[in-house]
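Pasting structure36.pdb here (PDB, C-alpha atoms, pLDDT in the B column):
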```pdb
MODEL        1
ATOM      1  CA  MET A  11     265.241  74.215  93.441  1.00 57.00           C
ATOM      2  CA  ASN A  12     266.244  70.713  93.876  1.00 69.00           C
ATOM      3  CA  LYS A  13     264.759  67.990  91.740  1.00 68.00           C
ATOM      4  CA  SER A  14     262.755  66.208  94.511  1.00 68.00           C
ATOM      5  CA  LYS A  15     260.826  69.380  95.424  1.00 65.00           C
ATOM      6  CA  VAL A  16     259.884  69.991  91.798  1.00 61.00           C
ATOM      7  CA  GLN A  17     258.664  66.414  91.458  1.00 65.00           C
ATOM      8  CA  ALA A  18     256.574  66.718  94.687  1.00 61.00           C
ATOM      9  CA  LEU A  19     254.903  69.908  93.463  1.00 59.00           C
ATOM     10  CA  SER A  20     254.090  68.446  90.075  1.00 61.00           C
ATOM     11  CA  ALA A  21     252.686  65.298  91.714  1.00 59.00           C
ATOM     12  CA  GLN A  22     249.945  67.317  93.470  1.00 59.00           C
ATOM     13  CA  SER A  23     248.555  68.319  90.056  1.00 68.00           C
ATOM     14  CA  GLY A  24     245.684  70.556  91.293  1.00 76.00           C
ATOM     15  CA  VAL A  25     244.243  68.428  94.133  1.00 80.00           C
ATOM     16  CA  ALA A  26     244.111  71.496  96.378  1.00 82.00           C
ATOM     17  CA  LEU A  27     242.104  73.363  93.725  1.00 86.00           C
ATOM     18  CA  VAL A  28     239.567  70.535  93.439  1.00 87.00           C
ATOM     19  CA  ILE A  29     239.163  70.369  97.240  1.00 90.00           C
ATOM     20  CA  VAL A  30     238.634  74.153  97.479  1.00 92.00           C
ATOM     21  CA  ILE A  31     236.063  74.081  94.647  1.00 93.00           C
ATOM     22  CA  LEU A  32     234.164  71.219  96.356  1.00 94.00           C
ATOM     23  CA  PHE A  33     234.254  73.105  99.661  1.00 94.00           C
ATOM     24  CA  LEU A  34     232.882  76.251  97.956  1.00 95.00           C
ATOM     25  CA  LEU A  35     230.137  74.162  96.307  1.00 96.00           C
ATOM     26  CA  VAL A  36     229.054  72.725  99.681  1.00 95.00           C
ATOM     27  CA  VAL A  37     229.045  76.189 101.292  1.00 95.00           C
ATOM     28  CA  THR A  38     227.013  77.577  98.354  1.00 95.00           C
ATOM     29  CA  VAL A  39     224.399  74.796  98.602  1.00 95.00           C
ATOM     30  CA  ILE A  40     224.044  75.384 102.352  1.00 95.00           C
ATOM     31  CA  SER A  41     223.699  79.150 101.801  1.00 94.00           C
ATOM     32  CA  VAL A  42     221.048  78.766  99.077  1.00 94.00           C
ATOM     33  CA  THR A  43     219.074  76.304 101.226  1.00 92.00           C
ATOM     34  CA  ALA A  44     219.189  78.656 104.205  1.00 91.00           C
ATOM     35  CA  ALA A  45     218.029  81.581 102.043  1.00 91.00           C
ATOM     36  CA  MET A  46     215.111  79.539 100.637  1.00 90.00           C
ATOM     37  CA  ASN A  47     214.061  78.429 104.135  1.00 88.00           C
ATOM     38  CA  SER A  48     214.216  82.002 105.354  1.00 90.00           C
ATOM     39  CA  SER A  49     212.078  83.191 102.431  1.00 89.00           C
ATOM     40  CA  LEU A  50     209.530  80.430 103.082  1.00 90.00           C
ATOM     41  CA  SER A  51     209.383  81.329 106.772  1.00 90.00           C
ATOM     42  CA  ILE A  52     208.683  84.967 105.928  1.00 91.00           C
ATOM     43  CA  LYS A  53     205.868  83.946 103.562  1.00 89.00           C
ATOM     44  CA  MET A  54     204.356  81.630 106.186  1.00 91.00           C
ATOM     45  CA  THR A  55     204.527  84.337 108.842  1.00 91.00           C
ATOM     46  CA  THR A  56     202.887  86.871 106.528  1.00 89.00           C
ATOM     47  CA  ASN A  57     200.081  84.444 105.679  1.00 88.00           C
ATOM     48  CA  LEU A  58     199.495  83.674 109.357  1.00 90.00           C
ATOM     49  CA  GLN A  59     199.395  87.374 110.150  1.00 89.00           C
ATOM     50  CA  ASP A  60     196.852  87.932 107.344  1.00 87.00           C
ATOM     51  CA  ALA A  61     194.736  85.058 108.663  1.00 88.00           C
ATOM     52  CA  TYR A  62     194.774  86.436 112.215  1.00 88.00           C
ATOM     53  CA  HIS A  63     193.858  89.949 111.027  1.00 86.00           C
ATOM     54  CA  SER A  64     191.068  88.533 108.883  1.00 87.00           C
ATOM     55  CA  PHE A  65     189.645  86.460 111.732  1.00 89.00           C
ATOM     56  CA  GLN A  66     189.795  89.408 114.126  1.00 88.00           C
ATOM     57  CA  SER A  67     188.061  91.642 111.573  1.00 86.00           C
ATOM     58  CA  ALA A  68     185.266  89.113 111.066  1.00 87.00           C
ATOM     59  CA  GLU A  69     184.929  88.776 114.826  1.00 89.00           C
ATOM     60  CA  ALA A  70     184.778  92.582 115.133  1.00 87.00           C
ATOM     61  CA  GLY A  71     181.805  92.515 112.753  1.00 86.00           C
ATOM     62  CA  ILE A  72     179.995  90.068 115.066  1.00 89.00           C
ATOM     63  CA  HIS A  73     180.689  92.185 118.133  1.00 87.00           C
ATOM     64  CA  ALA A  74     179.607  95.365 116.342  1.00 86.00           C
ATOM     65  CA  VAL A  75     176.266  93.721 115.507  1.00 87.00           C
ATOM     66  CA  LEU A  76     175.881  92.481 119.086  1.00 86.00           C
ATOM     67  CA  GLY A  77     176.533  96.036 120.253  1.00 85.00           C
ATOM     68  CA  LEU A  78     173.299  97.105 118.557  1.00 83.00           C
ATOM     69  CA  THR A  79     171.217  94.916 120.879  1.00 83.00           C
ATOM     70  CA  GLU A  80     168.707  96.833 123.018  1.00 81.00           C
ATOM     71  CA  THR A  81     169.360 100.091 121.144  1.00 80.00           C
ATOM     72  CA  ALA A  82     167.078 102.100 118.884  1.00 78.00           C
ATOM     73  CA  ASP A  83     168.628 100.264 115.919  1.00 78.00           C
ATOM     74  CA  ASP A  84     168.196  96.757 117.416  1.00 82.00           C
ATOM     75  CA  PRO A  85     168.460  94.392 114.416  1.00 84.00           C
ATOM     76  CA  PHE A  86     166.963  91.419 116.258  1.00 83.00           C
ATOM     77  CA  ASP A  87     163.387  92.125 115.177  1.00 83.00           C
ATOM     78  CA  ARG A  88     162.538  88.747 113.593  1.00 81.00           C
ATOM     79  CA  SER A  89     163.585  89.738 110.079  1.00 80.00           C
ATOM     80  CA  THR A  90     166.617  88.931 107.964  1.00 80.00           C
ATOM     81  CA  VAL A  91     168.990  91.901 107.956  1.00 80.00           C
ATOM     82  CA  LYS A  92     171.765  91.916 105.356  1.00 82.00           C
ATOM     83  CA  ASP A  93     173.892  94.666 106.854  1.00 81.00           C
ATOM     84  CA  PRO A  94     172.729  95.927 110.244  1.00 82.00           C
ATOM     85  CA  LEU A  95     175.719  98.280 110.525  1.00 80.00           C
ATOM     86  CA  THR A  96     174.318 100.721 107.943  1.00 77.00           C
ATOM     87  CA  ALA A  97     172.844 102.773 110.808  1.00 73.00           C
ATOM     88  CA  TYR A  98     176.316 104.187 111.526  1.00 76.00           C
ATOM     89  CA  THR A  99     177.770 107.203 109.805  1.00 74.00           C
ATOM     90  CA  ILE A 100     181.209 107.061 108.239  1.00 73.00           C
ATOM     91  CA  GLU A 101     182.834 108.918 111.137  1.00 75.00           C
ATOM     92  CA  ASN A 102     181.551 106.731 113.983  1.00 76.00           C
ATOM     93  CA  HIS A 103     181.430 103.346 112.242  1.00 78.00           C
ATOM     94  CA  PRO A 104     182.783 100.666 114.626  1.00 80.00           C
ATOM     95  CA  LEU A 105     184.752  98.940 111.861  1.00 82.00           C
ATOM     96  CA  ASN A 106     186.678 101.962 110.560  1.00 77.00           C
ATOM     97  CA  LYS A 107     190.011 100.837 111.988  1.00 75.00           C
ATOM     98  CA  ILE A 108     190.073  97.200 110.870  1.00 77.00           C
ATOM     99  CA  SER A 109     192.409  95.994 108.154  1.00 69.00           C
ATOM    100  CA  GLY A 110     190.832  96.725 104.792  1.00 72.00           C
ATOM    101  CA  GLY A 111     188.275  99.143 106.217  1.00 73.00           C
ATOM    102  CA  LYS A 112     184.613  98.634 106.959  1.00 76.00           C
ATOM    103  CA  GLU A 113     183.882  97.708 103.328  1.00 79.00           C
ATOM    104  CA  SER A 114     185.832  94.474 103.753  1.00 83.00           C
ATOM    105  CA  VAL A 115     183.403  93.121 106.392  1.00 86.00           C
ATOM    106  CA  SER A 116     179.896  91.986 105.558  1.00 84.00           C
ATOM    107  CA  THR A 117     177.381  91.012 108.225  1.00 87.00           C
ATOM    108  CA  GLU A 118     174.011  89.295 108.168  1.00 87.00           C
ATOM    109  CA  ILE A 119     171.391  88.371 110.773  1.00 88.00           C
ATOM    110  CA  LYS A 120     168.974  85.554 110.035  1.00 88.00           C
ATOM    111  CA  PRO A 121     166.150  84.426 112.336  1.00 88.00           C
ATOM    112  CA  LEU A 122     166.108  80.646 112.717  1.00 88.00           C
ATOM    113  CA  SER A 123     163.165  80.078 115.024  1.00 87.00           C
ATOM    114  CA  ILE A 124     160.686  82.582 116.429  1.00 85.00           C
ATOM    115  CA  LEU A 125     158.801  82.180 119.734  1.00 82.00           C
ATOM    116  CA  ALA A 126     160.218  78.716 120.316  1.00 82.00           C
ATOM    117  CA  SER A 127     160.658  77.107 123.700  1.00 79.00           C
ATOM    118  CA  CYS A 128     163.597  78.340 125.711  1.00 77.00           C
ATOM    119  CA  PRO A 129     166.520  76.110 126.652  1.00 68.00           C
ATOM    120  CA  ARG A 130     166.200  76.823 130.376  1.00 62.00           C
ATOM    121  CA  THR A 131     163.409  76.656 132.885  1.00 56.00           C
ATOM    122  CA  TYR A 132     162.359  79.570 135.014  1.00 55.00           C
ATOM    123  CA  ALA A 133     160.727  77.386 137.685  1.00 56.00           C
ATOM    124  CA  GLU A 134     164.105  76.921 139.364  1.00 58.00           C
ATOM    125  CA  ARG A 135     164.015  80.581 140.383  1.00 60.00           C
ATOM    126  CA  GLY A 136     161.135  79.889 142.746  1.00 58.00           C
ATOM    127  CA  GLY A 137     158.206  80.975 140.614  1.00 55.00           C
ATOM    128  CA  THR A 138     155.885  79.574 138.062  1.00 54.00           C
ATOM    129  CA  SER A 139     156.598  80.942 134.640  1.00 57.00           C
ATOM    130  CA  THR A 140     155.022  78.265 132.510  1.00 59.00           C
ATOM    131  CA  ASN A 141     154.512  79.606 128.982  1.00 64.00           C
ATOM    132  CA  MET A 142     155.502  83.133 130.037  1.00 73.00           C
ATOM    133  CA  PHE A 143     158.779  83.191 128.128  1.00 78.00           C
ATOM    134  CA  ARG A 144     159.627  82.196 124.604  1.00 81.00           C
ATOM    135  CA  CYS A 145     162.894  82.495 122.743  1.00 85.00           C
ATOM    136  CA  ASP A 146     163.864  83.814 119.333  1.00 87.00           C
ATOM    137  CA  TYR A 147     166.905  82.103 117.797  1.00 90.00           C
ATOM    138  CA  TYR A 148     169.162  83.981 115.383  1.00 90.00           C
ATOM    139  CA  ARG A 149     172.304  83.256 113.381  1.00 91.00           C
ATOM    140  CA  ILE A 150     174.772  86.106 112.916  1.00 91.00           C
ATOM    141  CA  LYS A 151     177.312  85.821 110.090  1.00 91.00           C
ATOM    142  CA  SER A 152     180.273  88.086 109.584  1.00 90.00           C
ATOM    143  CA  GLN A 153     182.767  87.728 106.761  1.00 89.00           C
ATOM    144  CA  HIS A 154     186.047  89.519 106.126  1.00 88.00           C
ATOM    145  CA  ASN A 155     187.258  89.459 102.543  1.00 85.00           C
ATOM    146  CA  LEU A 156     190.242  91.282 101.058  1.00 82.00           C
ATOM    147  CA  LYS A 157     191.348  90.491  97.517  1.00 82.00           C
ATOM    148  CA  GLY A 158     194.626  88.575  97.552  1.00 81.00           C
ATOM    149  CA  LYS A 159     194.578  88.131 101.332  1.00 83.00           C
ATOM    150  CA  ALA A 160     193.132  85.663 103.786  1.00 82.00           C
ATOM    151  CA  ARG A 161     189.347  85.411 104.163  1.00 86.00           C
ATOM    152  CA  SER A 162     187.509  84.520 107.345  1.00 88.00           C
ATOM    153  CA  ARG A 163     183.901  83.901 108.213  1.00 90.00           C
ATOM    154  CA  VAL A 164     182.569  83.787 111.745  1.00 91.00           C
ATOM    155  CA  GLU A 165     179.100  82.579 112.685  1.00 91.00           C
ATOM    156  CA  MET A 166     177.459  82.943 116.059  1.00 91.00           C
ATOM    157  CA  GLY A 167     174.110  81.926 117.473  1.00 90.00           C
ATOM    158  CA  LEU A 168     172.009  84.253 119.590  1.00 88.00           C
ATOM    159  CA  VAL A 169     169.035  83.449 121.789  1.00 87.00           C
ATOM    160  CA  LYS A 170     166.743  86.349 122.677  1.00 86.00           C
ATOM    161  CA  THR A 171     164.251  85.736 125.467  1.00 83.00           C
ATOM    162  CA  VAL A 172     160.831  87.231 124.788  1.00 81.00           C
ATOM    163  CA  MET A 173     158.014  87.599 127.276  1.00 79.00           C
ATOM    164  CA  THR A 174     154.776  86.276 125.819  1.00 74.00           C
ATOM    165  CA  PRO A 175     151.401  87.819 126.623  1.00 68.00           C
ATOM    166  CA  GLN A 176     149.289  85.888 129.145  1.00 60.00           C
ATOM    167  CA  ASN A 177     145.777  84.798 128.242  1.00 57.00           C
ATOM    168  CA  ASN A 178     143.533  85.193 131.309  1.00 47.00           C
TER     169      ASN A 178
ENDMDL
END
```
Represent the structure from my file as structure tokens, please.
Amino acid sequence: MNKSKVQALSAQSGVALVIVILFLLVVTVISVTAAMNSSLSIKMTTNLQDAYHSFQSAEAGIHAVLGLTETADDPFDRSTVKDPLTAYTIENHPLNKISGGKESVSTEIKPLSILASCPRTYAERGGTSTNMFRCDYYRIKSQHNLKGKARSRVEMGLVKTVMTPQNN
């Protein structure tokens, strides 16, 4: 080798190695950041999915209670009912297929006002129904609770129209 080539090679003194190491460091930082963002996205998606399942399960409890209206097991009888879904057997329980099973949903019916005035008038139908109808107001609560998962509570109001006896 001639002397000028040897001097040129020795003048570089590892600059290429430093540049490659810096490039690898930048690529590593980008890769680690992307992996952390991906992991965070998966956790967020899982939590959202748990929240949606929990809300739908609590809502299913409300609809199951509403399904008892005008049946032999009608829970809207002016008393507080802690779990109106106890009338069902294990095989035909409406909440068997929810996440966590029927044990994860608790329901309650509470009367708020009995034989109160109704929010609408019946005179607009062309008749006189003064003091013929009264309304019972209820609050239905349904809560879904799984340990270590999302919890949801849904509340709904119900107005039941009741015909009052006429005094002649």
**Request:** For the structure shown, which residues end up in the PyMOL selection byres ((chain A and resi 71) around 12)? Put them as an MDAnalysis selection string, please?
**Result:** chainID A and resid 64:70 72:78 93:95 103:108 111:119 150:155 162:166
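If you measure from each of A:Lys92, A:Arg144, A:His63, A:Arg149 to A:Pro121 using only C-alpha atoms, the closest one turns out to be A:Arg149.
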**A:Val37, A:Leu27, A:Ala160, A:Ala126 ranked by distance to A:Ala61, top pick (using all atoms listed in the file)** = A:Ala160
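Here atom CA of A:Leu50 and atom CA of A:Lys159 stand 16.9 Å from one another.
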**Request:** Grab the atom CA of A:Ala97 to atom CA of A:Lys120 distance for me, in Å with one decimal place.
**Result:** 17.7 Å
Go ahead and find all residues with at least one atom no further than 6 Å from (163.1, 80.3, 118.0) in the file's coordinates, using only C-alpha atoms; report them as a short mmCIF file (atom, residue, chain, number, x, y, z; two decimals) with C-alpha atoms, in the coordinates of the input.
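Writing done, so here's result.cif:
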```cif
data_model
loop_
_atom_site.label_atom_id
_atom_site.label_comp_id
_atom_site.auth_asym_id
_atom_site.auth_seq_id
_atom_site.Cartn_x
_atom_site.Cartn_y
_atom_site.Cartn_z
CA SER A 123 163.16 80.08 115.02
CA ILE A 124 160.69 82.58 116.43
CA LEU A 125 158.80 82.18 119.73
CA ALA A 126 160.22 78.72 120.32
CA CYS A 145 162.89 82.50 122.74
CA ASP A 146 163.86 83.81 119.33
CA TYR A 147 166.90 82.10 117.80
#
```
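What separates atom CA of A:Arg161 from atom CA of A:Asp87 is a distance of 29.0 Å.
Of the residues under consideration (A:Leu32, A:Thr96, A:Glu101, A:Leu122), A:Thr96 shows the shortest atom-to-atom contact distance to A:Asp83 when counting all atoms listed in the file.
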